[in-house]
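Text of data-v2.txt (compact mmCIF, C-alpha atoms) as supplied:
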```txt
# COMPACT_ATOMS: atom_id res chain seq x y z
CA SER A 1 -14.11 -30.48 39.78
CA GLU A 2 -17.33 -29.23 41.25
CA SER A 3 -17.39 -26.42 43.79
CA PRO A 4 -17.20 -27.32 47.49
CA SER A 5 -20.43 -27.26 49.48
CA PHE A 6 -21.38 -26.48 53.06
CA GLU A 7 -24.00 -28.68 54.69
CA ILE A 8 -25.99 -28.19 57.89
CA SER A 9 -28.93 -30.19 59.20
CA GLN A 10 -30.95 -30.36 62.39
CA ARG A 11 -33.40 -32.97 63.65
CA SER A 12 -35.56 -32.67 66.73
CA ASP A 13 -38.72 -34.07 68.27
CA ARG A 14 -39.48 -30.94 70.24
CA MET A 15 -42.62 -28.99 69.62
CA ASN A 16 -42.90 -25.71 71.48
CA GLY A 17 -40.81 -26.50 74.55
CA ASN A 18 -37.28 -27.42 75.46
CA GLN A 19 -38.01 -31.10 76.14
CA GLY A 20 -37.02 -33.94 73.86
CA SER A 21 -34.01 -34.92 71.76
CA ARG A 22 -32.26 -33.03 69.06
CA GLU A 23 -29.31 -33.53 66.69
CA ILE A 24 -27.24 -30.97 64.80
CA GLU A 25 -24.83 -31.90 61.99
CA ILE A 26 -22.43 -29.54 60.21
CA GLY A 27 -20.23 -30.64 57.32
CA PHE A 28 -18.00 -29.43 54.52
CA ALA A 29 -17.84 -31.46 51.27
CA VAL A 30 -15.02 -31.09 48.73
CA PRO A 31 -15.23 -32.90 45.36
CA LEU A 32 -11.91 -34.40 44.26
CA TRP A 33 -10.28 -34.59 40.85
CA LEU A 34 -10.22 -37.89 39.04
CA PRO A 35 -6.80 -39.12 37.84
CA GLY A 36 -5.73 -36.95 34.87
CA GLN A 37 -8.88 -34.81 35.04
CA ARG A 38 -7.13 -31.70 36.39
CA SER A 39 -4.37 -31.60 33.76
CA ALA A 40 -6.88 -32.37 30.98
CA SER A 41 -9.10 -29.49 32.14
CA GLN A 42 -6.15 -27.09 32.20
CA GLN A 43 -5.06 -28.12 28.70
CA LEU A 44 -8.62 -27.70 27.42
CA ALA A 45 -8.84 -24.21 28.93
CA GLU A 46 -5.54 -23.24 27.28
CA VAL A 47 -6.53 -24.42 23.79
CA GLU A 48 -9.98 -22.78 24.16
CA SER A 49 -8.32 -19.46 24.99
CA SER A 50 -6.05 -19.79 21.96
CA PHE A 51 -9.00 -20.80 19.78
CA VAL A 52 -10.92 -17.68 20.83
CA ASP A 53 -7.97 -15.50 19.77
CA HIS A 54 -7.78 -17.21 16.37
CA LYS A 55 -11.56 -16.95 15.95
CA ILE A 56 -11.53 -13.21 16.70
CA HIS A 57 -8.71 -12.67 14.19
CA ALA A 58 -10.49 -14.69 11.51
CA THR A 59 -13.77 -12.86 12.17
CA LYS A 60 -12.03 -9.50 11.79
CA LEU A 61 -10.55 -10.70 8.51
CA ARG A 62 -13.94 -11.81 7.19
CA LEU A 63 -15.47 -8.49 8.20
CA ALA A 64 -12.63 -6.60 6.51
CA SER A 65 -13.20 -8.68 3.37
CA THR A 66 -16.89 -7.79 3.36
CA VAL A 67 -16.18 -4.08 3.83
CA ARG A 68 -13.47 -4.17 1.16
CA GLU A 69 -15.85 -5.79 -1.34
CA ALA A 70 -18.54 -3.20 -0.56
CA TRP A 71 -15.95 -0.41 -0.95
CA TRP A 72 -14.87 -1.51 -4.43
CA ASN A 73 -18.47 -2.24 -5.47
CA TRP A 74 -19.22 1.40 -4.70
CA HIS A 75 -16.23 2.56 -6.74
CA ARG A 76 -17.20 0.29 -9.63
CA ALA A 77 -20.77 1.60 -9.57
CA THR A 78 -19.44 5.17 -9.55
CA LEU A 79 -17.24 4.42 -12.56
CA ASP A 80 -20.18 2.84 -14.38
CA ARG A 81 -22.19 5.97 -13.64
CA GLN A 82 -19.42 8.16 -15.07
CA VAL A 83 -19.30 6.01 -18.22
CA ALA A 84 -23.09 6.31 -18.56
CA LEU A 85 -22.88 10.10 -18.17
CA ASP A 86 -20.18 10.27 -20.84
CA HIS A 87 -22.31 8.12 -23.13
CA LEU A 88 -25.29 10.43 -22.53
CA SER A 89 -23.16 13.49 -23.27
CA ASN A 90 -22.00 11.99 -26.57
CA ALA A 91 -25.55 11.00 -27.49
CA GLN A 92 -26.76 14.53 -26.77
CA LYS A 93 -23.98 16.02 -28.92
CA ILE A 94 -24.86 13.66 -31.77
CA PHE A 95 -28.54 14.54 -31.42
CA SER A 96 -27.73 18.25 -31.52
CA ASP A 97 -25.60 17.75 -34.62
CA VAL A 98 -28.27 15.62 -36.32
CA THR A 99 -30.93 18.24 -35.52
CA LYS A 100 -28.85 20.97 -37.17
CA ARG A 101 -28.12 18.84 -40.24
CA LYS A 102 -31.76 17.84 -40.51
CA ALA A 103 -32.75 21.51 -40.40
CA ALA A 104 -30.22 22.15 -43.14
CA GLY A 105 -31.74 19.35 -45.22
CA ASP A 106 -28.71 17.04 -45.06
CA LEU A 107 -30.47 14.31 -43.01
CA ALA A 108 -33.93 12.84 -42.92
CA LYS A 109 -36.47 13.02 -40.10
CA SER A 110 -35.83 9.37 -39.29
CA ASP A 111 -32.20 10.14 -38.49
CA GLN A 112 -33.35 12.68 -35.95
CA TYR A 113 -35.72 10.15 -34.38
CA GLN A 114 -32.91 7.63 -34.18
CA ALA A 115 -30.60 10.10 -32.47
CA GLU A 116 -33.40 11.10 -30.09
CA GLY A 117 -33.93 7.43 -29.22
CA ALA A 118 -30.23 7.04 -28.49
CA VAL A 119 -30.43 9.98 -26.05
CA ALA A 120 -33.42 8.40 -24.30
CA ALA A 121 -31.62 5.05 -24.00
CA ALA A 122 -28.55 6.80 -22.56
CA GLU A 123 -30.74 8.58 -20.01
CA VAL A 124 -32.14 5.21 -18.91
CA LEU A 125 -28.59 3.87 -18.45
CA VAL A 126 -27.68 6.91 -16.37
CA ALA A 127 -30.72 6.38 -14.13
CA GLN A 128 -29.84 2.72 -13.65
CA ALA A 129 -26.22 3.56 -12.89
CA GLN A 130 -27.30 6.21 -10.39
CA ALA A 131 -29.55 3.67 -8.63
CA GLU A 132 -26.64 1.20 -8.42
CA VAL A 133 -24.40 3.90 -6.93
CA THR A 134 -27.01 4.72 -4.32
CA ALA A 135 -27.48 1.06 -3.40
CA ALA A 136 -23.72 0.45 -3.20
CA ALA A 137 -23.26 3.54 -1.03
CA ALA A 138 -26.05 2.40 1.31
CA ALA A 139 -24.49 -1.08 1.61
CA LEU A 140 -21.09 0.43 2.41
CA ALA A 141 -22.61 2.79 4.98
CA ALA A 142 -24.44 -0.11 6.64
CA LEU A 143 -21.18 -2.03 7.08
CA SER A 144 -18.85 0.82 8.01
CA GLY A 145 -21.27 3.17 9.75
CA ILE A 146 -19.93 6.03 7.63
CA SER A 147 -22.08 7.84 5.11
CA VAL A 148 -20.33 8.14 1.74
CA GLN A 149 -21.00 10.86 -0.78
CA VAL A 150 -21.99 10.06 -4.34
CA LYS A 151 -19.05 11.36 -6.34
CA SER A 152 -19.12 12.38 -9.96
CA THR A 153 -15.55 11.20 -10.52
CA VAL A 154 -13.34 8.60 -8.85
CA ASN A 155 -9.62 8.71 -8.21
CA LEU A 156 -8.59 5.10 -7.67
CA VAL A 157 -5.69 4.35 -5.34
CA SER A 158 -4.00 0.97 -5.31
CA GLU A 159 -4.35 -1.09 -2.14
CA THR A 160 -1.48 -1.51 0.27
CA LEU A 161 0.13 -4.91 0.00
CA PRO A 162 0.12 -7.10 3.13
CA SER A 163 3.19 -6.87 5.32
CA SER A 164 5.73 -9.66 4.91
CA THR A 165 6.02 -9.88 8.71
CA GLN A 166 2.49 -11.26 9.03
CA SER A 167 1.96 -14.88 9.97
CA LYS A 168 2.29 -17.36 7.12
CA ILE A 169 -0.69 -19.31 8.50
CA HIS A 170 -3.97 -17.93 7.25
CA PRO A 171 -6.28 -16.87 10.12
CA THR A 172 -9.07 -19.10 8.82
CA VAL A 173 -6.73 -22.11 8.82
CA ALA A 174 -5.53 -21.20 12.31
CA GLU A 175 -9.16 -21.00 13.45
CA LEU A 176 -9.90 -24.48 12.07
CA ASP A 177 -6.74 -25.88 13.67
CA GLY A 178 -7.78 -24.32 16.98
CA ARG A 179 -11.24 -25.84 16.74
CA LEU A 180 -9.68 -29.25 16.08
CA GLU A 181 -7.43 -28.89 19.13
CA VAL A 182 -10.44 -27.99 21.28
CA LEU A 183 -12.22 -31.14 20.11
CA LYS A 184 -9.16 -33.27 20.85
CA LYS A 185 -8.70 -31.85 24.35
CA THR A 186 -12.42 -32.21 25.03
CA ALA A 187 -12.20 -35.88 24.07
CA ASP A 188 -9.17 -36.28 26.38
CA LEU A 189 -11.11 -34.72 29.25
CA VAL A 190 -14.15 -36.90 28.63
CA SER A 191 -11.93 -39.98 28.65
CA THR A 192 -10.90 -39.17 32.24
CA GLN A 193 -14.51 -38.80 33.40
CA LYS A 194 -15.60 -42.40 33.17
CA ARG A 195 -17.17 -42.28 36.63
CA ALA A 196 -18.44 -39.73 39.12
CA ALA A 197 -15.78 -37.77 40.96
CA PRO A 198 -15.16 -38.82 44.57
CA GLU A 199 -16.05 -36.43 47.34
CA LEU A 200 -14.33 -35.77 50.64
CA THR A 201 -16.64 -34.75 53.47
CA ILE A 202 -15.59 -33.47 56.88
CA ALA A 203 -18.49 -33.26 59.32
CA THR A 204 -19.28 -33.10 62.99
CA SER A 205 -22.54 -33.87 64.76
CA ARG A 206 -23.90 -33.17 68.21
CA GLU A 207 -26.79 -35.09 69.68
CA ARG A 208 -28.75 -34.59 72.89
CA GLY A 209 -31.08 -37.29 73.99
CA ALA A 210 -33.09 -35.21 76.50
CA PHE A 211 -33.12 -31.83 78.27
```

Translate the structure described by the file into structure tokens.
Amino acid sequence: SESPSFEISQRSDRMNGNQGSREIEIGFAVPLWLPGQRSASQQLAEVESSFVDHKIHATKLRLASTVREAWWNWHRATLDRQVALDHLSNAQKIFSDVTKRKAAGDLAKSDQYQAEGAVAAAEVLVAQAQAEVTAAAAALAALSGISVQVKSTVNLVSETLPSSTQSKIHPTVAELDGRLEVLKKTADLVSTQKRAAPELTIATSRERGAF
């Protein structure tokens, strides 16, 4: 129900003297609960509190999922960069070998150009992979607040499996169930508020007709 209120009023026909009538009224008004309104409000408050807990848990899970995806995207980009570096190293070795064989007269000039083109293409892939690593690291740092170093190699570690003692109800499902309960209890409360709540007022007045 609404909060209680304190009322005071004064009426007088006096101007700047002590002659004339006056009336003073003091009262205290207390709104009353409608039938079933109090219990419905308590039940709504309980389910709202439970819904907030489920919502916080589900929000943490969604945030963890976002961070986890950014973490593995960074690792994948680092692996792609390592593969590109290996490809560049192989292309450079082939180019060196082709250059020696061309100098010895075993290969034509076109073979050297082809090997040189392969090295240039591998360098482009390395640059692209490096840019992806930098972007993935920046995205991870933005989510976690921790700056990550661009590593030349990656040692992957398997993720820890969820504990079997965790709730069998998924937090997102629990959040939706909690939202549904809030809507039901809100409808129950509204059904009890078909009219304005009554109000109990206790007041006293004092009137003086003349001095």

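For Gln114 in chain A, the set of protein, DNA and RNA residues having any atom at most 12 Å away, when counting only C-alpha atoms and skipping those fewer than 3 positions along the same chain, is Ala91, Gln92, Ile94, Phe95, Val98, Thr99, Leu107, Ala108, Lys109, Ser110, Asp111, Gly117, Ala118, Val119, Ala120 and Ala121 of chain A.
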
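The residue set within 9 Å of Pro171 in chain A, counting only C-alpha atoms and dropping same-chain residues fewer than 3 places from it, reads His54, Lys55, His57, Ala58, Thr59, Leu61, Ser167, Ala174, Glu175 and Leu176 of chain A.
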
Quiz item: Which one is closest to Trp33 in chain A: A:Thr160, A:Gln193, A:Ser89, A:Thr134? Count only C-alpha atoms.
Solution: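 Of all the options, A:Gln193 lies closest to Trp33 in chain A.
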
Self-check item: Selected residue of minimal separation from Val67 in chain A among A:His87, A:Ser144, A:Lys93, A:Val133, counting all atoms listed in the file
Solution: A:Ser144

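Remark: for Glu23 in chain A, the closest of the candidate residues A:Lys168, A:Lys102, A:Arg206, A:Lys194 is A:Arg206 (distances computed over all atoms listed in the file).
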
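Atom pair CA of Ala84 in chain A / CA of Glu123 in chain A: separated by 8.1 Å.
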
Exercise. In Å, rounded to a single decimal, give me how far CA of Asn73 in chain A is from CA of His170 in chain A.
Key: 24.9 Å

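With only C-alpha atoms as the basis for measurement, A:Leu32 is the residue among A:Ala45, A:Ile8, A:Leu32, A:Ala139 that approaches Leu200 in chain A most closely.
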
Quiz item: How many Å lie between CA of Leu63 in chain A and CA of Asp177 in chain A, rounded to one decimal?
Solution: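 Separating CA of Leu63 in chain A from CA of Asp177 in chain A is a distance of 20.2 Å.
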
Exercise. Identify which of the residues A:Leu85, A:Leu180, A:Ala138, A:Ile24 lies closest to Ala122 in chain A, counting all atoms listed in the file when measuring atom-to-atom distances.
Key: A:Leu85

Quiz prompt | Nearest to Ala142 in chain A, chosen from A:Leu183, A:Ala70, A:Val47, A:Met15, with only C-alpha atoms counted in the distances | solution = A:Ala70
